[in-house]
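First up is the structure itself, then whatever we jot down about it.
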Amino acid sequence: MEKKGYCVVDFQLYLDHSNNKSLDASSIHLRRRSVDSTESYDIKISAFGESYKMTLQHTKSVLHQSAKVSIISDEKEMEWNGDHPDCFLIGNVRSHDGTVSASFCEELRGMMSTRHHELHFEVLPHHIRKRSSLRKVKHTTLIARKRREDLIFSDLSQKNDYTPIRKTEYNHKRIHKRSVPSTDFTIELAVYCDADFLSYKLLATDMTRRIEIMLCKYNAVQFEWSRADVLNYNVTLSIKRMTFLDKNPSWYHASTTLSVPLNTTCTETQAGLAYDHIHVHTGIPNPELGGLAYQSLVCNARYRCGVSADGITTYVTTVHEIGHRYVMFMHFDKLRFDLQYLMFLSNSSE
């Protein structure tokens, strides 16, 4: 245990006291001229005897401007019409060869992924510092670090799928096959968070805060998919639907066997949902896998789903499971991906 560090289960916690102005969210707001700003921010956080040096830039949210955001509870769906948060940064951890995704909607907070660790950092609000012995310190940052484990992923090919999706009647006119350009294409997503995810991982009840957290996660997913130098393609993620299951509806079955929520979600969302990929985030305790997805079935509306059991400050599993549908053995208008980066993730901690 390092000095000033605390171990909680398999996480380490650290408090960094600093007068570094780069950690001030209000100054980032003031310096920001537009969402297209190319201005970069160099930020350093010291923790666990190491110095994490980051370079971040403003990024557009992956949530489409006309996306449907809703809550499902007691079989009823209620649409949320509040403003979408638009206060995000993305970049690299220069010192540790990693990536970072952050938001500055209130205080600066975000997540880092390096070769050996996953980290979450959050600058404590002023009112907390004011009431404690930290009131004379300009910034106090809480950092949590967890060592990356050997994540267990899987995929279900159509031939070996022992939980086949029940075919339902659906509107073929709204499921569009797309002609993919030679270098650019967009993956339209529907994202669901189940009741266990909201109970155990995404504890915020404020909708703006919920959306901010999920977008910070998916901005990181987008950043990994943006590696055109590796993939030779420019891939854009666009979330067209985000649904929070405050109470799981009758059609959704949570289980530690991830093929169960995968199956029920694919069955339910066949009808009339013209999205390229449906992704479910589950918080079920002790799942058998970190994630699960159907493989190489990008054009099949019955098998366009994936499920992740990771948390709100990690994104490796989500990147990996989306990759199963769009990367491995994929043949789509002769489109080929280099698997060198995206699909190394299951072995990234070795």
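A note on labels: chains of the structure tokens are A, B, ... as shown, every chain counts residues from 1, and ligands are counted from 1 in their shown order.
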Do a neighbour search on A:Met78 at 12 Å with only C-alpha atoms, toss out local chain neighbours closer than 2 positions, and write the hits as a PyMOL selection string. chain A and resi 68-76+80-81+242-246
I need the chosen residues saved as a CSV table (one decimal), in the first residue's frame, with all heavy atoms.
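result00.csv written:
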chain,number,residue,atom,x,y,z
A,68,LYS,N,-33.3,9.2,-28.9
A,68,LYS,CA,-34.4,9.0,-27.9
A,68,LYS,C,-33.8,8.5,-26.6
A,68,LYS,O,-33.2,7.5,-26.5
A,68,LYS,CB,-35.4,8.0,-28.4
A,68,LYS,CG,-36.6,7.7,-27.4
A,68,LYS,CD,-37.6,6.7,-28.0
A,68,LYS,CE,-38.7,6.4,-27.0
A,68,LYS,NZ,-39.7,5.4,-27.6
A,69,VAL,N,-34.1,9.2,-25.5
A,69,VAL,CA,-33.6,8.9,-24.2
A,69,VAL,C,-34.8,8.6,-23.3
A,69,VAL,O,-35.8,9.4,-23.3
A,69,VAL,CB,-32.7,10.0,-23.5
A,69,VAL,CG1,-32.3,9.5,-22.1
A,69,VAL,CG2,-31.5,10.3,-24.4
A,70,SER,N,-34.9,7.4,-22.7
A,70,SER,CA,-36.1,7.1,-22.0
A,70,SER,C,-35.8,6.2,-20.7
A,70,SER,O,-34.7,5.7,-20.5
A,70,SER,CB,-37.0,6.3,-22.9
A,70,SER,OG,-36.4,5.0,-23.3
A,71,ILE,N,-36.8,6.1,-19.9
A,71,ILE,CA,-36.8,5.3,-18.7
A,71,ILE,C,-37.9,4.3,-18.8
A,71,ILE,O,-39.1,4.6,-19.2
A,71,ILE,CB,-37.0,6.1,-17.5
A,71,ILE,CG1,-36.0,7.3,-17.4
A,71,ILE,CG2,-36.9,5.3,-16.2
A,71,ILE,CD1,-36.3,8.3,-16.4
A,72,ILE,N,-37.7,3.0,-18.5
A,72,ILE,CA,-38.7,2.0,-18.4
A,72,ILE,C,-38.9,1.5,-17.0
A,72,ILE,O,-37.9,1.1,-16.3
A,72,ILE,CB,-38.4,0.8,-19.3
A,72,ILE,CG1,-38.4,1.2,-20.8
A,72,ILE,CG2,-39.4,-0.4,-19.1
A,72,ILE,CD1,-38.1,0.1,-21.8
A,73,SER,N,-40.1,1.6,-16.5
A,73,SER,CA,-40.4,1.2,-15.1
A,73,SER,C,-41.8,0.7,-15.1
A,73,SER,O,-42.7,1.4,-15.6
A,73,SER,CB,-40.2,2.3,-14.1
A,73,SER,OG,-40.5,1.9,-12.8
A,74,ASP,N,-42.1,-0.4,-14.5
A,74,ASP,CA,-43.4,-1.0,-14.4
A,74,ASP,C,-44.1,-1.1,-15.7
A,74,ASP,O,-45.2,-0.8,-15.9
A,74,ASP,CB,-44.3,-0.1,-13.4
A,74,ASP,CG,-43.8,-0.1,-12.0
A,74,ASP,OD1,-43.3,-1.2,-11.6
A,74,ASP,OD2,-43.9,0.9,-11.3
A,75,GLU,N,-43.3,-1.6,-16.7
A,75,GLU,CA,-43.8,-1.9,-18.1
A,75,GLU,C,-44.1,-0.6,-18.8
A,75,GLU,O,-44.5,-0.6,-20.0
A,75,GLU,CB,-45.0,-2.8,-18.0
A,75,GLU,CG,-44.8,-4.1,-17.3
A,75,GLU,CD,-43.8,-5.0,-17.9
A,75,GLU,OE1,-43.6,-4.9,-19.1
A,75,GLU,OE2,-43.1,-5.7,-17.1
A,76,LYS,N,-43.9,0.6,-18.2
A,76,LYS,CA,-44.2,1.8,-18.9
A,76,LYS,C,-42.9,2.5,-19.3
A,76,LYS,O,-41.9,2.6,-18.5
A,76,LYS,CB,-45.0,2.8,-18.0
A,76,LYS,CG,-46.4,2.2,-17.7
A,76,LYS,CD,-47.2,3.2,-16.8
A,76,LYS,CE,-48.5,2.7,-16.5
A,76,LYS,NZ,-49.3,3.6,-15.6
A,80,TRP,N,-37.4,11.0,-21.9
A,80,TRP,CA,-36.8,12.2,-21.2
A,80,TRP,C,-36.4,13.2,-22.2
A,80,TRP,O,-35.7,12.9,-23.2
A,80,TRP,CB,-35.6,11.6,-20.4
A,80,TRP,CG,-34.9,12.7,-19.6
A,80,TRP,CD1,-35.3,13.2,-18.4
A,80,TRP,CD2,-33.7,13.4,-19.9
A,80,TRP,NE1,-34.5,14.1,-17.9
A,80,TRP,CE2,-33.5,14.3,-18.8
A,80,TRP,CE3,-32.9,13.4,-21.0
A,80,TRP,CZ2,-32.4,15.2,-18.8
A,80,TRP,CZ3,-31.8,14.3,-21.0
A,80,TRP,CH2,-31.5,15.1,-19.9
A,81,ASN,N,-36.8,14.4,-22.1
A,81,ASN,CA,-36.6,15.5,-23.1
A,81,ASN,C,-35.6,16.6,-22.6
A,81,ASN,O,-35.7,17.7,-23.1
A,81,ASN,CB,-37.9,16.1,-23.5
A,81,ASN,CG,-38.8,15.1,-24.2
A,81,ASN,OD1,-38.4,14.4,-25.1
A,81,ASN,ND2,-40.1,14.9,-23.7
A,242,MET,N,-31.1,5.6,-26.0
A,242,MET,CA,-30.5,5.2,-24.7
A,242,MET,C,-31.6,5.0,-23.7
A,242,MET,O,-32.4,5.9,-23.4
A,242,MET,CB,-29.5,6.3,-24.2
A,242,MET,CG,-28.8,5.9,-22.9
A,242,MET,SD,-27.6,7.2,-22.4
A,242,MET,CE,-26.3,6.9,-23.6
A,243,THR,N,-31.7,3.8,-23.2
A,243,THR,CA,-32.9,3.4,-22.3
A,243,THR,C,-32.4,2.9,-21.0
A,243,THR,O,-31.5,2.0,-20.9
A,243,THR,CB,-33.8,2.4,-23.0
A,243,THR,OG1,-34.3,3.0,-24.2
A,243,THR,CG2,-34.9,2.0,-22.1
A,244,PHE,N,-32.9,3.4,-19.9
A,244,PHE,CA,-32.6,3.0,-18.5
A,244,PHE,C,-33.7,2.2,-18.0
A,244,PHE,O,-34.8,2.7,-17.9
A,244,PHE,CB,-32.3,4.2,-17.7
A,244,PHE,CG,-31.1,5.0,-18.2
A,244,PHE,CD1,-31.3,6.1,-19.0
A,244,PHE,CD2,-29.8,4.7,-17.8
A,244,PHE,CE1,-30.3,6.9,-19.4
A,244,PHE,CE2,-28.7,5.5,-18.3
A,244,PHE,CZ,-29.0,6.6,-19.1
A,245,LEU,N,-33.4,0.9,-17.6
A,245,LEU,CA,-34.5,0.1,-17.1
A,245,LEU,C,-34.5,0.2,-15.6
A,245,LEU,O,-33.9,-0.5,-14.8
A,245,LEU,CB,-34.2,-1.4,-17.5
A,245,LEU,CG,-34.0,-1.6,-19.0
A,245,LEU,CD1,-33.8,-3.1,-19.2
A,245,LEU,CD2,-35.2,-1.1,-19.8
A,246,ASP,N,-35.2,1.2,-15.1
A,246,ASP,CA,-35.3,1.4,-13.6
A,246,ASP,C,-35.9,0.1,-13.0
A,246,ASP,O,-35.5,-0.3,-11.9
A,246,ASP,CB,-36.2,2.6,-13.3
A,246,ASP,CG,-35.4,3.9,-13.4
A,246,ASP,OD1,-34.3,3.8,-13.8
A,246,ASP,OD2,-36.0,4.9,-13.0
Which of stretch 219-334 of chain A DSSP labels helix (DSSP H, G or I), written as a VMD selection string: chain A and resid 219 to 225 228 to 231 259 to 268 301 to 303 316 to 326
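Closest approach to A:Lys201 among A:Leu13, A:Leu262, A:Ile43, A:Ala309 is made by A:Ala309 (distances from only C-alpha atoms).
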Excluding stretch 191-199 of chain A and any residue of its chain fewer than 5 positions from it, enumerate the residues within 10 Å of it, using only C-alpha atoms, and give them as JSON, numbers by chain. {"A": [69, 70, 71, 72, 73, 204, 205, 210, 214, 218, 239, 240, 241, 242, 243, 244, 245, 246, 247, 248, 249, 252, 253, 254, 261, 265, 277, 278, 279, 280, 281, 282, 283, 284, 285, 306, 307, 308, 309, 310, 311, 312]}
How would the residues just picked look written out with N, CA and C atoms as a compact mmCIF listing (two decimals), in the first residue's frame?
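To be explicit, this is the file written out as part.txt:
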# COMPACT_ATOMS: atom_id res chain seq x y z
N VAL A 69 -34.05 9.24 -25.52
CA VAL A 69 -33.59 8.86 -24.19
C VAL A 69 -34.83 8.59 -23.35
N SER A 70 -34.86 7.42 -22.71
CA SER A 70 -36.09 7.05 -21.99
C SER A 70 -35.80 6.23 -20.74
N ILE A 71 -36.83 6.09 -19.93
CA ILE A 71 -36.81 5.27 -18.72
C ILE A 71 -37.95 4.27 -18.81
N ILE A 72 -37.67 3.00 -18.48
CA ILE A 72 -38.72 1.99 -18.43
C ILE A 72 -38.88 1.54 -16.98
N SER A 73 -40.10 1.63 -16.48
CA SER A 73 -40.40 1.19 -15.12
C SER A 73 -41.85 0.72 -15.08
N ALA A 204 -26.46 6.88 -9.86
CA ALA A 204 -27.08 8.21 -9.99
C ALA A 204 -28.53 8.07 -10.42
N THR A 205 -29.39 8.90 -9.85
CA THR A 205 -30.79 8.92 -10.25
C THR A 205 -31.11 10.11 -11.15
N ARG A 210 -26.74 10.51 -15.25
CA ARG A 210 -26.69 9.17 -15.85
C ARG A 210 -26.16 9.22 -17.27
N MET A 214 -22.62 7.60 -18.94
CA MET A 214 -22.62 6.64 -20.05
C MET A 214 -21.94 7.21 -21.29
N TYR A 218 -18.85 5.78 -23.48
CA TYR A 218 -18.93 5.51 -24.91
C TYR A 218 -18.04 6.43 -25.74
N ILE A 239 -25.07 6.95 -31.01
CA ILE A 239 -26.12 6.39 -30.15
C ILE A 239 -27.44 7.06 -30.50
N LYS A 240 -28.38 6.29 -31.02
CA LYS A 240 -29.68 6.83 -31.43
C LYS A 240 -30.76 6.56 -30.37
N ARG A 241 -30.45 5.68 -29.44
CA ARG A 241 -31.41 5.38 -28.37
C ARG A 241 -30.63 5.01 -27.11
N MET A 242 -31.06 5.57 -25.96
CA MET A 242 -30.48 5.21 -24.67
C MET A 242 -31.62 5.01 -23.69
N THR A 243 -31.72 3.80 -23.16
CA THR A 243 -32.85 3.45 -22.30
C THR A 243 -32.36 2.90 -20.97
N PHE A 244 -32.90 3.43 -19.90
CA PHE A 244 -32.55 3.00 -18.54
C PHE A 244 -33.72 2.20 -17.98
N LEU A 245 -33.44 0.95 -17.62
CA LEU A 245 -34.48 0.07 -17.08
C LEU A 245 -34.50 0.21 -15.56
N ASP A 246 -35.23 1.21 -15.06
CA ASP A 246 -35.33 1.37 -13.61
C ASP A 246 -35.89 0.12 -12.96
N LYS A 247 -36.82 -0.52 -13.66
CA LYS A 247 -37.33 -1.83 -13.26
C LYS A 247 -37.39 -2.68 -14.52
N ASN A 248 -36.75 -3.83 -14.48
CA ASN A 248 -36.69 -4.65 -15.68
C ASN A 248 -38.09 -5.03 -16.15
N PRO A 249 -38.40 -4.82 -17.43
CA PRO A 249 -39.72 -5.21 -17.95
C PRO A 249 -39.83 -6.72 -18.03
N TYR A 252 -37.53 -8.83 -20.33
CA TYR A 252 -36.08 -8.89 -20.10
C TYR A 252 -35.79 -9.82 -18.93
N HIS A 253 -34.89 -10.77 -19.15
CA HIS A 253 -34.54 -11.74 -18.11
C HIS A 253 -33.07 -11.58 -17.74
N ALA A 254 -32.81 -11.09 -16.53
CA ALA A 254 -31.44 -10.95 -16.04
C ALA A 254 -30.93 -12.31 -15.58
N PRO A 261 -29.85 -12.63 -21.02
CA PRO A 261 -30.24 -11.27 -21.39
C PRO A 261 -29.92 -10.96 -22.86
N THR A 265 -33.05 -9.77 -25.19
CA THR A 265 -32.94 -8.44 -25.80
C THR A 265 -33.04 -8.52 -27.32
N HIS A 277 -26.68 -1.96 -34.04
CA HIS A 277 -26.23 -2.77 -32.90
C HIS A 277 -27.01 -2.38 -31.65
N ILE A 278 -27.45 -3.40 -30.90
CA ILE A 278 -28.14 -3.20 -29.63
C ILE A 278 -27.20 -3.67 -28.53
N HIS A 279 -26.89 -2.81 -27.56
CA HIS A 279 -25.96 -3.21 -26.52
C HIS A 279 -26.58 -3.02 -25.14
N VAL A 280 -26.48 -4.07 -24.32
CA VAL A 280 -27.05 -4.08 -22.98
C VAL A 280 -25.92 -4.06 -21.95
N HIS A 281 -26.07 -3.23 -20.95
CA HIS A 281 -25.13 -3.20 -19.83
C HIS A 281 -25.85 -3.77 -18.61
N THR A 282 -25.30 -4.85 -18.08
CA THR A 282 -25.92 -5.51 -16.94
C THR A 282 -25.02 -5.40 -15.72
N GLY A 283 -25.66 -5.27 -14.56
CA GLY A 283 -24.92 -5.22 -13.30
C GLY A 283 -25.15 -6.46 -12.46
N ILE A 284 -25.60 -7.54 -13.08
CA ILE A 284 -25.86 -8.77 -12.34
C ILE A 284 -24.60 -9.20 -11.60
N PRO A 285 -24.69 -9.49 -10.30
CA PRO A 285 -23.48 -9.88 -9.55
C PRO A 285 -22.93 -11.22 -10.04
N GLY A 306 -25.25 -7.34 -28.22
CA GLY A 306 -24.13 -7.66 -27.35
C GLY A 306 -24.48 -7.28 -25.93
N VAL A 307 -23.79 -7.88 -24.98
CA VAL A 307 -24.02 -7.57 -23.57
C VAL A 307 -22.68 -7.44 -22.87
N SER A 308 -22.56 -6.45 -21.99
CA SER A 308 -21.34 -6.22 -21.22
C SER A 308 -21.68 -6.21 -19.74
N ALA A 309 -20.77 -6.75 -18.93
CA ALA A 309 -20.95 -6.78 -17.49
C ALA A 309 -19.88 -5.95 -16.79
N ASP A 310 -19.32 -4.97 -17.51
CA ASP A 310 -18.31 -4.11 -16.90
C ASP A 310 -18.98 -2.95 -16.18
N GLY A 311 -18.19 -2.07 -15.61
CA GLY A 311 -18.74 -0.99 -14.81
C GLY A 311 -18.82 0.32 -15.57
N ILE A 312 -19.04 1.41 -14.82
CA ILE A 312 -19.23 2.71 -15.45
C ILE A 312 -17.91 3.41 -15.77
When distances are computed from only C-alpha atoms, which of A:Val100, A:Glu224, A:Cys105, A:Glu79 shows the smallest separation from A:Glu118? A:Val100
With distances taken over only C-alpha atoms, which residue among A:Ser255, A:Thr318, A:Ser103, A:Asn232 lies nearest A:Arg209?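 Among A:Ser255, A:Thr318, A:Ser103, A:Asn232, it is A:Ser103 that comes nearest to A:Arg209.
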Enter the distance from atom CA of A:Thr141 to atom CA of A:Arg109, in Å, rounded to one decimal.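 So the two atoms, atom CA of A:Thr141 and atom CA of A:Arg109, lie 9.0 Å apart.
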Counting only C-alpha atoms, what is within 8 Å of A:Ser226, bar same-chain residues fewer than 6 positions away, as an MDAnalysis selection string? chainID A and resid 234:236
With all heavy atoms retained, export the selected residues as an mmCIF file, in the first residue's frame.
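Once everything was written out, this is result.cif:
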data_model
loop_
_atom_site.group_PDB
_atom_site.id
_atom_site.type_symbol
_atom_site.label_atom_id
_atom_site.label_comp_id
_atom_site.auth_asym_id
_atom_site.auth_seq_id
_atom_site.Cartn_x
_atom_site.Cartn_y
_atom_site.Cartn_z
ATOM 1 N N ASN A 234 -12.486 4.797 -41.113
ATOM 2 C CA ASN A 234 -12.961 5.778 -40.144
ATOM 3 C C ASN A 234 -14.333 5.335 -39.648
ATOM 4 O O ASN A 234 -15.311 5.406 -40.379
ATOM 5 C CB ASN A 234 -13.047 7.163 -40.789
ATOM 6 C CG ASN A 234 -11.696 7.666 -41.255
ATOM 7 O OD1 ASN A 234 -10.727 7.625 -40.497
ATOM 8 N ND2 ASN A 234 -11.622 8.139 -42.490
ATOM 9 N N VAL A 235 -14.372 4.862 -38.421
ATOM 10 C CA VAL A 235 -15.604 4.320 -37.846
ATOM 11 C C VAL A 235 -16.192 5.334 -36.870
ATOM 12 O O VAL A 235 -15.509 5.805 -35.967
ATOM 13 C CB VAL A 235 -15.335 2.990 -37.122
ATOM 14 C CG1 VAL A 235 -16.632 2.418 -36.568
ATOM 15 C CG2 VAL A 235 -14.658 1.990 -38.051
ATOM 16 N N THR A 236 -17.453 5.664 -37.054
ATOM 17 C CA THR A 236 -18.142 6.596 -36.167
ATOM 18 C C THR A 236 -19.284 5.878 -35.468
ATOM 19 O O THR A 236 -20.097 5.215 -36.106
ATOM 20 C CB THR A 236 -18.719 7.790 -36.953
ATOM 21 O OG1 THR A 236 -17.645 8.470 -37.611
ATOM 22 C CG2 THR A 236 -19.432 8.757 -36.023
#
Considering only C-alpha atoms, return as a PyMOL selection string whatever protein or nucleic-acid residues lie within 7 Å of A:Thr208, sequence-local ones (same chain, fewer than 3 positions apart) excluded. chain A and resi 85+211-212
Can you write out the residues you just picked, keeping C-alpha atoms, as a short mmCIF file (atom, residue, chain, number, x, y, z; two decimals), in the first residue's frame?
data_model
loop_
_atom_site.label_atom_id
_atom_site.label_comp_id
_atom_site.auth_asym_id
_atom_site.auth_seq_id
_atom_site.Cartn_x
_atom_site.Cartn_y
_atom_site.Cartn_z
CA PRO A 85 -24.71 17.06 -21.83
CA ILE A 211 -26.32 10.25 -19.45
CA GLU A 212 -23.05 12.05 -18.73
#
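The spacing separating atom CA of A:Phe121 from atom CA of A:Leu142 amounts to 5.6 Å.
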Fewer than 5 positions away in the same chain doesn't count, so skip those; otherwise give me all residues within 10 Å of A:Thr269, counting only C-alpha atoms, as JSON, numbers by chain. {"A": [168, 170, 190, 264, 274, 275, 278, 301, 302, 304, 305]}
